[in-house]
file final14.pdb (PDB, C-alpha atoms, pLDDT in the B column)
ATOM      1  CA  MET W 622     176.007  77.190 -14.846  1.00 65.00           C
ATOM      2  CA  LYS W 623     176.863  80.487 -13.558  1.00 76.00           C
ATOM      3  CA  ILE W 624     174.884  83.583 -14.493  1.00 77.00           C
ATOM      4  CA  SER W 625     176.777  86.731 -15.097  1.00 82.00           C
ATOM      5  CA  LYS W 626     176.099  90.063 -13.527  1.00 81.00           C
ATOM      6  CA  ALA W 627     174.783  91.419 -16.777  1.00 82.00           C
ATOM      7  CA  ALA W 628     172.225  88.601 -16.977  1.00 81.00           C
ATOM      8  CA  TRP W 629     171.136  89.301 -13.415  1.00 78.00           C
ATOM      9  CA  MET W 630     170.689  92.949 -14.346  1.00 83.00           C
ATOM     10  CA  ILE W 631     168.601  92.046 -17.363  1.00 85.00           C
ATOM     11  CA  VAL W 632     166.423  89.658 -15.266  1.00 82.00           C
ATOM     12  CA  GLY W 633     166.062  92.361 -12.561  1.00 83.00           C
ATOM     13  CA  ALA W 634     165.176  95.019 -15.129  1.00 84.00           C
ATOM     14  CA  GLY W 635     162.623  92.654 -16.717  1.00 84.00           C
ATOM     15  CA  ALA W 636     161.012  91.943 -13.331  1.00 83.00           C
ATOM     16  CA  PHE W 637     160.952  95.685 -12.610  1.00 81.00           C
ATOM     17  CA  VAL W 638     159.252  96.358 -15.956  1.00 84.00           C
ATOM     18  CA  ILE W 639     156.680  93.600 -15.278  1.00 86.00           C
ATOM     19  CA  ILE W 640     155.945  95.039 -11.808  1.00 84.00           C
ATOM     20  CA  LEU W 641     155.648  98.537 -13.268  1.00 82.00           C
ATOM     21  CA  ALA W 642     153.283  97.273 -15.968  1.00 83.00           C
ATOM     22  CA  GLY W 643     151.111  95.546 -13.307  1.00 84.00           C
ATOM     23  CA  LEU W 644     151.008  98.695 -11.200  1.00 83.00           C
ATOM     24  CA  GLY W 645     150.170 100.775 -14.252  1.00 83.00           C
ATOM     25  CA  MET W 646     147.288  98.474 -15.158  1.00 86.00           C
ATOM     26  CA  ALA W 647     145.945  98.580 -11.570  1.00 85.00           C
ATOM     27  CA  TRP W 648     146.235 102.381 -11.514  1.00 85.00           C
ATOM     28  CA  SER W 649     144.482 102.618 -14.891  1.00 85.00           C
ATOM     29  CA  GLY W 650     141.633 100.374 -13.599  1.00 85.00           C
ATOM     30  CA  GLN W 651     141.251 102.553 -10.504  1.00 88.00           C
ATOM     31  CA  MET W 652     141.166 105.704 -12.597  1.00 88.00           C
ATOM     32  CA  GLN W 653     138.484 104.219 -14.880  1.00 89.00           C
ATOM     33  CA  GLU W 654     136.416 103.150 -11.834  1.00 88.00           C
ATOM     34  CA  GLN W 655     136.802 106.602 -10.239  1.00 89.00           C
ATOM     35  CA  SER W 656     135.807 108.235 -13.512  1.00 88.00           C
ATOM     36  CA  SER W 657     132.729 105.976 -13.707  1.00 89.00           C
ATOM     37  CA  ILE W 658     131.769 106.775 -10.088  1.00 89.00           C
ATOM     38  CA  ASN W 659     132.255 110.511 -10.717  1.00 89.00           C
ATOM     39  CA  GLU W 660     129.998 110.319 -13.770  1.00 90.00           C
ATOM     40  CA  GLU W 661     127.348 108.441 -11.754  1.00 90.00           C
ATOM     41  CA  LEU W 662     127.616 111.002  -8.945  1.00 89.00           C
ATOM     42  CA  LEU W 663     127.211 113.825 -11.449  1.00 88.00           C
ATOM     43  CA  THR W 664     124.143 112.116 -12.943  1.00 88.00           C
ATOM     44  CA  LEU W 665     122.607 111.621  -9.491  1.00 85.00           C
ATOM     45  CA  ASP W 666     123.350 115.227  -8.505  1.00 83.00           C
ATOM     46  CA  THR W 667     121.641 116.400 -11.696  1.00 82.00           C
ATOM     47  CA  ARG W 668     118.606 114.179 -11.021  1.00 80.00           C
ATOM     48  CA  LEU W 669     118.460 115.360  -7.416  1.00 77.00           C
ATOM     49  CA  ALA W 670     118.616 118.979  -8.503  1.00 74.00           C
ATOM     50  CA  ASN W 671     115.741 118.354 -10.932  1.00 74.00           C
ATOM     51  CA  ILE W 672     113.524 116.818  -8.259  1.00 73.00           C
ATOM     52  CA  ASN W 673     111.071 119.427  -7.065  1.00 68.00           C
ATOM     53  CA  ALA W 674     110.765 119.218  -3.278  1.00 65.00           C
ATOM     54  CA  SER W 675     107.372 120.916  -3.444  1.00 67.00           C
ATOM     55  CA  GLN W 676     105.851 117.837  -5.078  1.00 68.00           C
ATOM     56  CA  PHE W 677     106.468 116.030  -1.791  1.00 75.00           C
ATOM     57  CA  GLN W 678     104.973 118.826   0.314  1.00 76.00           C
ATOM     58  CA  GLY W 679     101.489 117.431  -0.258  1.00 78.00           C
ATOM     59  CA  GLN W 680     102.581 114.045   1.046  1.00 80.00           C
ATOM     60  CA  ILE W 681     104.302 115.685   4.009  1.00 81.00           C
ATOM     61  CA  ASP W 682     101.140 117.671   4.823  1.00 83.00           C
ATOM     62  CA  GLU W 683      98.985 114.550   4.498  1.00 85.00           C
ATOM     63  CA  LEU W 684     101.295 112.559   6.769  1.00 82.00           C
ATOM     64  CA  GLU W 685     101.332 115.382   9.334  1.00 87.00           C
ATOM     65  CA  GLN W 686      97.515 115.409   9.301  1.00 88.00           C
ATOM     66  CA  LYS W 687      97.429 111.633   9.763  1.00 85.00           C
ATOM     67  CA  LEU W 688      99.909 111.923  12.622  1.00 81.00           C
ATOM     68  CA  GLN W 689      97.807 114.625  14.298  1.00 87.00           C
ATOM     69  CA  ALA W 690      94.640 112.548  13.838  1.00 84.00           C
ATOM     70  CA  SER W 691      96.394 109.546  15.401  1.00 79.00           C
ATOM     71  CA  LEU W 692      97.584 111.654  18.317  1.00 77.00           C
ATOM     72  CA  ASN W 693      94.043 112.987  18.814  1.00 80.00           C
ATOM     73  CA  LYS W 694      92.637 109.439  18.760  1.00 78.00           C
ATOM     74  CA  ALA W 695      95.225 108.321  21.305  1.00 72.00           C
ATOM     75  CA  GLU W 696      94.378 111.255  23.564  1.00 76.00           C
ATOM     76  CA  LYS W 697      90.639 110.500  23.307  1.00 73.00           C
ATOM     77  CA  ALA W 698      91.280 106.836  24.041  1.00 64.00           C
ATOM     78  CA  GLU W 699      93.260 107.828  27.120  1.00 65.00           C
ATOM     79  CA  GLN W 700      90.417 110.088  28.295  1.00 66.00           C
ATOM     80  CA  ASP W 701      87.875 107.312  27.654  1.00 59.00           C
ATOM     81  CA  LEU W 702      90.003 104.894  29.649  1.00 53.00           C
ATOM     82  CA  ILE W 703      90.245 107.354  32.553  1.00 56.00           C
ATOM     83  CA  GLN W 704      86.449 107.873  32.335  1.00 52.00           C
ATOM     84  CA  THR W 705      85.902 104.104  32.419  1.00 51.00           C
ATOM     85  CA  VAL W 706      88.250 103.548  35.362  1.00 52.00           C
ATOM     86  CA  ILE W 707      86.652 106.308  37.435  1.00 60.00           C
ATOM     87  CA  SER W 708      83.138 105.139  36.493  1.00 61.00           C
ATOM     88  CA  VAL W 709      83.982 101.574  37.507  1.00 67.00           C
ATOM     89  CA  ASP W 710      85.448 102.740  40.827  1.00 77.00           C
ATOM     90  CA  VAL W 711      82.330 104.810  41.579  1.00 78.00           C
ATOM     91  CA  ALA W 712      80.006 101.965  40.559  1.00 80.00           C
ATOM     92  CA  ASP W 713      81.968  99.442  42.668  1.00 83.00           C
ATOM     93  CA  LYS W 714      81.684 101.651  45.748  1.00 85.00           C
ATOM     94  CA  PHE W 715      77.947 102.191  45.056  1.00 85.00           C
ATOM     95  CA  TYR W 716      77.311  98.420  44.770  1.00 88.00           C
ATOM     96  CA  GLU W 717      79.338  97.776  47.928  1.00 89.00           C
ATOM     97  CA  ILE W 718      77.179 100.202  49.927  1.00 89.00           C
ATOM     98  CA  ALA W 719      73.977  98.797  48.358  1.00 90.00           C
ATOM     99  CA  ARG W 720      74.999  95.268  49.366  1.00 91.00           C
ATOM    100  CA  ARG W 721      75.747  96.440  52.904  1.00 91.00           C
ATOM    101  CA  TYR W 722      72.246  97.926  53.263  1.00 91.00           C
ATOM    102  CA  GLY W 723      70.417  95.027  51.567  1.00 92.00           C
ATOM    103  CA  VAL W 724      69.073  96.815  48.492  1.00 92.00           C
ATOM    104  CA  THR W 725      69.200  95.632  44.893  1.00 91.00           C
ATOM    105  CA  VAL W 726      70.565  97.924  42.198  1.00 90.00           C
ATOM    106  CA  ASN W 727      68.299  97.779  39.126  1.00 91.00           C
ATOM    107  CA  ASN W 728      70.436 100.015  36.930  1.00 90.00           C
ATOM    108  CA  ILE W 729      73.213 102.511  37.231  1.00 87.00           C
ATOM    109  CA  GLY W 730      74.756 105.078  34.902  1.00 84.00           C
ATOM    110  CA  THR W 731      77.376 107.771  35.079  1.00 81.00           C
ATOM    111  CA  SER W 732      77.908 111.033  33.246  1.00 80.00           C
ATOM    112  CA  GLN W 733      81.043 112.257  31.526  1.00 79.00           C
ATOM    113  CA  ILE W 734      83.732 113.468  33.868  1.00 76.00           C
ATOM    114  CA  SER W 735      83.907 117.222  34.188  1.00 76.00           C
ATOM    115  CA  LYS W 736      86.484 119.391  35.891  1.00 79.00           C
ATOM    116  CA  GLN W 737      85.092 121.502  38.685  1.00 77.00           C
ATOM    117  CA  PRO W 738      86.952 123.091  41.584  1.00 75.00           C
ATOM    118  CA  TYR W 739      85.699 122.375  45.096  1.00 71.00           C
ATOM    119  CA  LEU W 740      86.840 124.911  47.689  1.00 76.00           C
ATOM    120  CA  ASN W 741      89.638 125.984  45.296  1.00 77.00           C
ATOM    121  CA  ILE W 742      90.883 122.403  44.955  1.00 76.00           C
ATOM    122  CA  GLY W 743      91.072 120.928  41.453  1.00 77.00           C
ATOM    123  CA  CYS W 744      88.511 118.118  41.233  1.00 79.00           C
ATOM    124  CA  GLU W 745      86.904 115.887  38.652  1.00 82.00           C
ATOM    125  CA  VAL W 746      83.159 115.442  39.066  1.00 84.00           C
ATOM    126  CA  ILE W 747      81.018 112.559  37.897  1.00 83.00           C
ATOM    127  CA  SER W 748      77.254 112.358  38.227  1.00 86.00           C
ATOM    128  CA  LEU W 749      75.713 108.984  39.023  1.00 87.00           C
ATOM    129  CA  ARG W 750      72.080 107.998  38.360  1.00 91.00           C
ATOM    130  CA  ALA W 751      70.669 104.754  39.711  1.00 91.00           C
ATOM    131  CA  SER W 752      67.503 102.972  40.615  1.00 92.00           C
ATOM    132  CA  VAL W 753      67.332 100.520  43.493  1.00 92.00           C
ATOM    133  CA  ARG W 754      64.659  98.314  45.044  1.00 92.00           C
ATOM    134  CA  GLY W 755      64.168  96.656  48.366  1.00 90.00           C
ATOM    135  CA  ASP W 756      62.479  97.127  51.696  1.00 88.00           C
ATOM    136  CA  LEU W 757      61.531 100.792  52.315  1.00 88.00           C
ATOM    137  CA  SER W 758      63.532 100.998  55.568  1.00 88.00           C
ATOM    138  CA  HIS W 759      66.577  99.506  53.806  1.00 91.00           C
ATOM    139  CA  ILE W 760      66.284 102.041  50.973  1.00 90.00           C
ATOM    140  CA  ILE W 761      66.091 104.932  53.431  1.00 91.00           C
ATOM    141  CA  ASP W 762      69.088 103.565  55.356  1.00 92.00           C
ATOM    142  CA  PHE W 763      70.901 103.092  52.027  1.00 91.00           C
ATOM    143  CA  VAL W 764      70.390 106.736  51.001  1.00 91.00           C
ATOM    144  CA  ILE W 765      71.589 107.906  54.425  1.00 91.00           C
ATOM    145  CA  GLY W 766      74.501 105.449  54.152  1.00 91.00           C
ATOM    146  CA  LEU W 767      75.487 106.812  50.752  1.00 89.00           C
ATOM    147  CA  ASN W 768      75.872 110.286  52.231  1.00 88.00           C
ATOM    148  CA  LYS W 769      77.752 108.903  55.211  1.00 90.00           C
ATOM    149  CA  ASP W 770      79.890 106.151  53.603  1.00 85.00           C
ATOM    150  CA  PHE W 771      80.617 107.681  50.187  1.00 81.00           C
ATOM    151  CA  THR W 772      83.060 110.238  51.545  1.00 80.00           C
ATOM    152  CA  THR W 773      83.715 111.979  48.228  1.00 81.00           C
ATOM    153  CA  GLY W 774      80.099 112.110  47.106  1.00 84.00           C
ATOM    154  CA  TYR W 775      76.647 113.130  48.177  1.00 88.00           C
ATOM    155  CA  VAL W 776      73.077 112.268  47.199  1.00 90.00           C
ATOM    156  CA  GLN W 777      71.646 115.142  45.229  1.00 91.00           C
ATOM    157  CA  ALA W 778      68.074 113.886  44.677  1.00 91.00           C
ATOM    158  CA  VAL W 779      65.909 110.874  45.598  1.00 92.00           C
ATOM    159  CA  GLN W 780      62.488 109.836  44.341  1.00 92.00           C
ATOM    160  CA  LEU W 781      60.818 107.051  46.349  1.00 90.00           C
ATOM    161  CA  SER W 782      58.120 104.703  45.105  1.00 87.00           C
ATOM    162  CA  ILE W 783      56.560 102.880  48.057  1.00 85.00           C
ATOM    163  CA  GLY W 784      55.243  99.336  47.533  1.00 76.00           C
ATOM    164  CA  ARG W 785      51.422  99.101  47.775  1.00 77.00           C
ATOM    165  CA  GLU W 786      51.334  95.896  49.775  1.00 72.00           C
ATOM    166  CA  ALA W 787      53.310  95.046  52.896  1.00 65.00           C
ATOM    167  CA  ASP W 788      55.400  92.422  51.085  1.00 68.00           C
ATOM    168  CA  ASP W 789      55.931  94.509  47.897  1.00 75.00           C
ATOM    169  CA  ASP W 790      59.370  95.972  47.375  1.00 84.00           C
ATOM    170  CA  SER W 791      59.748  99.710  47.291  1.00 87.00           C
ATOM    171  CA  SER W 792      62.043 101.430  44.814  1.00 90.00           C
ATOM    172  CA  ALA W 793      63.993 104.634  44.559  1.00 91.00           C
ATOM    173  CA  SER W 794      65.618 106.606  41.774  1.00 93.00           C
ATOM    174  CA  LEU W 795      68.501 108.702  42.897  1.00 94.00           C
ATOM    175  CA  GLN W 796      71.164 110.988  41.606  1.00 94.00           C
ATOM    176  CA  MET W 797      74.439 111.676  43.329  1.00 91.00           C
ATOM    177  CA  ILE W 798      77.586 113.662  42.674  1.00 87.00           C
ATOM    178  CA  VAL W 799      81.037 112.178  43.256  1.00 85.00           C
ATOM    179  CA  TYR W 800      84.271 114.190  43.427  1.00 82.00           C
ATOM    180  CA  SER W 801      87.787 112.909  42.891  1.00 78.00           C
ATOM    181  CA  TYR W 802      91.044 114.796  43.316  1.00 72.00           C
ATOM    182  CA  LEU W 803      92.410 116.089  40.029  1.00 68.00           C
ATOM    183  CA  GLY W 804      95.772 117.228  41.309  1.00 58.00           C
ATOM    184  CA  SER W 805      97.909 119.924  39.764  1.00 51.00           C
ATOM    185  CA  GLU W 806      98.126 120.120  36.001  1.00 46.00           C
TER     186      GLU W 806
END
call {"tool": "encode", "arguments": {"input": "final14.pdb", "output": "structure tokens"}}
result
Amino acid sequence: MKISKAAWMIVGAGAFVIILAGLGMAWSGQMQEQSSINEELLTLDTRLANINASQFQGQIDELEQKLQASLNKAEKAEQDLIQTVISVDVADKFYEIARRYGVTVNNIGTSQISKQPYLNIGCEVISLRASVRGDLSHIIDFVIGLNKDFTTGYVQAVQLSIGREADDDSSASLQMIVYSYLGSE
């Protein structure tokens, strides 16, 4: 069976109409979706315009205060850590010298670090208080040794308590100042 040209034209026109109808339906669906999205955008724009930014200002201020408080805590923690490290270094050196001179350290304490220039050089200063016990000659040598061996510090005051009997230990309370280089800030 042979199909005539007219039949082929009718089949072609029918296929063209079907394709056009499909494209029209797709275009109509896109237009409806775009219209729906535009309506949603308009609704969101309206809601956004109605939101008062000042109602969030309180939260922003509170969060900024919390941030500042956290930064202050971190800075204090850093300073405390520096204080601890310097105090430990000073105490280690003090114990080393005490061991060398054969005296026993009963207790030791340090002050807060303060900034104090020494001969126009930026320095940090820490005050150390300690009590030691041992043979009187060892304590005297120890105090002299502190001034000689602790190159960045000096003994500021000493109070000796001499043992009453020959085999009694003597003791001393002393205070010294220790400098460390601060550097440029």
call {"tool": "resolve_selection", "arguments": {"input": "final14.pdb", "expression": "the PyMOL selection byres ((chain W and resi 773-779) around 10)", "output": "MDAnalysis selection string"}}
result
chainID W and resid 711 746:752 761 764:772 780:782 793:802
call {"tool": "atom_distance", "arguments": {"input": "final14.pdb", "atom1": "atom CA of Asp710 of chain W", "atom2": "atom CA of Ser791 of chain W"}}
result
26.7 Å
call {"tool": "closest_residue", "arguments": {"input": "final14.pdb", "among": "W:Met646, W:Gly755, W:Ile624, W:Asn727", "to": "Asp790 of chain W", "atoms": "all atoms listed in the file"}}
result
W:Gly755
call {"tool": "atom_distance", "arguments": {"input": "final14.pdb", "atom1": "atom CA of Ile783 of chain W", "atom2": "atom CA of Val726 of chain W"}}
result
16.0 Å
call {"tool": "decode", "arguments": {"input": "final14.pdb", "residues": "segment 722-762 of chain W", "atoms": "N, CA and C atoms", "output": "JSON list (two decimals), in the first residue's frame"}}
result
[["chain", "number", "residue", "atom", "x", "y", "z"],
["W", 722, "TYR", "N", 73.75, 25.14, 97.00],
["W", 722, "TYR", "CA", 74.33, 25.61, 98.26],
["W", 722, "TYR", "C", 73.86, 24.81, 99.46],
["W", 723, "GLY", "N", 73.09, 23.76, 99.26],
["W", 723, "GLY", "CA", 72.73, 22.84, 100.34],
["W", 723, "GLY", "C", 71.72, 23.40, 101.33],
["W", 724, "VAL", "N", 70.81, 24.24, 100.88],
["W", 724, "VAL", "CA", 69.75, 24.73, 101.76],
["W", 724, "VAL", "C", 68.42, 24.17, 101.28],
["W", 725, "THR", "N", 67.47, 24.09, 102.22],
["W", 725, "THR", "CA", 66.14, 23.58, 101.91],
["W", 725, "THR", "C", 65.16, 24.74, 101.82],
["W", 726, "VAL", "N", 64.39, 24.77, 100.76],
["W", 726, "VAL", "CA", 63.39, 25.82, 100.59],
["W", 726, "VAL", "C", 62.11, 25.37, 101.30],
["W", 727, "ASN", "N", 61.69, 26.15, 102.31],
["W", 727, "ASN", "CA", 60.45, 25.83, 103.04],
["W", 727, "ASN", "C", 59.22, 26.27, 102.25],
["W", 728, "ASN", "N", 59.24, 27.49, 101.76],
["W", 728, "ASN", "CA", 58.15, 27.97, 100.91],
["W", 728, "ASN", "C", 58.67, 29.07, 100.02],
["W", 729, "ILE", "N", 57.90, 29.30, 98.97],
["W", 729, "ILE", "CA", 58.30, 30.31, 97.99],
["W", 729, "ILE", "C", 57.03, 30.89, 97.38],
["W", 730, "GLY", "N", 57.05, 32.16, 97.08],
["W", 730, "GLY", "CA", 55.90, 32.81, 96.45],
["W", 730, "GLY", "C", 56.38, 33.95, 95.58],
["W", 731, "THR", "N", 55.59, 34.26, 94.58],
["W", 731, "THR", "CA", 55.94, 35.36, 93.68],
["W", 731, "THR", "C", 54.78, 36.34, 93.60],
["W", 732, "SER", "N", 55.12, 37.57, 93.25],
["W", 732, "SER", "CA", 54.11, 38.60, 93.08],
["W", 732, "SER", "C", 53.61, 38.60, 91.64],
["W", 733, "GLN", "N", 52.64, 39.46, 91.37],
["W", 733, "GLN", "CA", 52.21, 39.67, 89.99],
["W", 733, "GLN", "C", 53.35, 40.34, 89.22],
["W", 734, "ILE", "N", 53.39, 40.08, 87.96],
["W", 734, "ILE", "CA", 54.40, 40.71, 87.11],
["W", 734, "ILE", "C", 54.00, 42.17, 86.89],
["W", 735, "SER", "N", 54.98, 43.04, 87.01],
["W", 735, "SER", "CA", 54.73, 44.45, 86.71],
["W", 735, "SER", "C", 55.75, 44.90, 85.66],
["W", 736, "LYS", "N", 55.40, 45.92, 84.94],
["W", 736, "LYS", "CA", 56.29, 46.46, 83.92],
["W", 736, "LYS", "C", 57.04, 47.63, 84.53],
["W", 737, "GLN", "N", 58.35, 47.57, 84.42],
["W", 737, "GLN", "CA", 59.18, 48.61, 85.03],
["W", 737, "GLN", "C", 60.46, 48.73, 84.21],
["W", 738, "PRO", "N", 60.74, 49.92, 83.70],
["W", 738, "PRO", "CA", 61.97, 50.07, 82.91],
["W", 738, "PRO", "C", 63.21, 49.99, 83.82],
["W", 739, "TYR", "N", 64.27, 49.45, 83.29],
["W", 739, "TYR", "CA", 65.55, 49.38, 83.99],
["W", 739, "TYR", "C", 66.59, 49.97, 83.05],
["W", 740, "LEU", "N", 67.13, 51.11, 83.41],
["W", 740, "LEU", "CA", 68.09, 51.83, 82.56],
["W", 740, "LEU", "C", 67.51, 52.05, 81.17],
["W", 741, "ASN", "N", 66.26, 52.48, 81.10],
["W", 741, "ASN", "CA", 65.54, 52.77, 79.86],
["W", 741, "ASN", "C", 65.32, 51.55, 78.97],
["W", 742, "ILE", "N", 65.37, 50.38, 79.55],
["W", 742, "ILE", "CA", 65.10, 49.13, 78.83],
["W", 742, "ILE", "C", 63.79, 48.59, 79.38],
["W", 743, "GLY", "N", 62.86, 48.24, 78.50],
["W", 743, "GLY", "CA", 61.58, 47.68, 78.93],
["W", 743, "GLY", "C", 61.77, 46.34, 79.63],
["W", 744, "CYS", "N", 61.34, 46.25, 80.88],
["W", 744, "CYS", "CA", 61.50, 45.02, 81.65],
["W", 744, "CYS", "C", 60.19, 44.67, 82.36],
["W", 745, "GLU", "N", 60.05, 43.39, 82.64],
["W", 745, "GLU", "CA", 59.00, 42.91, 83.53],
["W", 745, "GLU", "C", 59.70, 42.55, 84.84],
["W", 746, "VAL", "N", 59.04, 42.88, 85.95],
["W", 746, "VAL", "CA", 59.63, 42.66, 87.26],
["W", 746, "VAL", "C", 58.72, 41.75, 88.05],
["W", 747, "ILE", "N", 59.32, 40.79, 88.73],
["W", 747, "ILE", "CA", 58.57, 39.91, 89.62],
["W", 747, "ILE", "C", 59.31, 39.88, 90.95],
["W", 748, "SER", "N", 58.55, 39.96, 92.03],
["W", 748, "SER", "CA", 59.13, 39.91, 93.36],
["W", 748, "SER", "C", 58.96, 38.49, 93.90],
["W", 749, "LEU", "N", 60.01, 37.97, 94.51],
["W", 749, "LEU", "CA", 59.99, 36.62, 95.04],
["W", 749, "LEU", "C", 60.21, 36.67, 96.55],
["W", 750, "ARG", "N", 59.37, 35.97, 97.31],
["W", 750, "ARG", "CA", 59.54, 35.83, 98.75],
["W", 750, "ARG", "C", 59.72, 34.35, 99.06],
["W", 751, "ALA", "N", 60.69, 34.06, 99.94],
["W", 751, "ALA", "CA", 60.95, 32.66, 100.26],
["W", 751, "ALA", "C", 61.51, 32.54, 101.66],
["W", 752, "SER", "N", 61.34, 31.35, 102.20],
["W", 752, "SER", "CA", 62.02, 31.04, 103.46],
["W", 752, "SER", "C", 62.80, 29.74, 103.23],
["W", 753, "VAL", "N", 64.01, 29.72, 103.76],
["W", 753, "VAL", "CA", 64.89, 28.57, 103.59],
["W", 753, "VAL", "C", 65.44, 28.17, 104.96],
["W", 754, "ARG", "N", 65.93, 26.95, 105.05],
["W", 754, "ARG", "CA", 66.58, 26.50, 106.28],
["W", 754, "ARG", "C", 67.79, 25.66, 105.92],
["W", 755, "GLY", "N", 68.69, 25.60, 106.88],
["W", 755, "GLY", "CA", 69.91, 24.83, 106.67],
["W", 755, "GLY", "C", 70.99, 25.35, 107.60],
["W", 756, "ASP", "N", 72.20, 24.91, 107.35],
["W", 756, "ASP", "CA", 73.34, 25.36, 108.13],
["W", 756, "ASP", "C", 73.55, 26.86, 107.88],
["W", 757, "LEU", "N", 73.91, 27.62, 108.94],
["W", 757, "LEU", "CA", 74.04, 29.07, 108.83],
["W", 757, "LEU", "C", 75.04, 29.46, 107.74],
["W", 758, "SER", "N", 76.18, 28.78, 107.66],
["W", 758, "SER", "CA", 77.17, 29.13, 106.64],
["W", 758, "SER", "C", 76.62, 28.86, 105.24],
["W", 759, "HIS", "N", 75.83, 27.79, 105.09],
["W", 759, "HIS", "CA", 75.22, 27.49, 103.79],
["W", 759, "HIS", "C", 74.19, 28.56, 103.40],
["W", 760, "ILE", "N", 73.43, 29.03, 104.39],
["W", 760, "ILE", "CA", 72.43, 30.07, 104.11],
["W", 760, "ILE", "C", 73.13, 31.36, 103.67],
["W", 761, "ILE", "N", 74.18, 31.73, 104.37],
["W", 761, "ILE", "CA", 74.92, 32.94, 104.00],
["W", 761, "ILE", "C", 75.50, 32.80, 102.60],
["W", 762, "ASP", "N", 76.12, 31.64, 102.32],
["W", 762, "ASP", "CA", 76.65, 31.39, 100.97],
["W", 762, "ASP", "C", 75.52, 31.42, 99.92]]
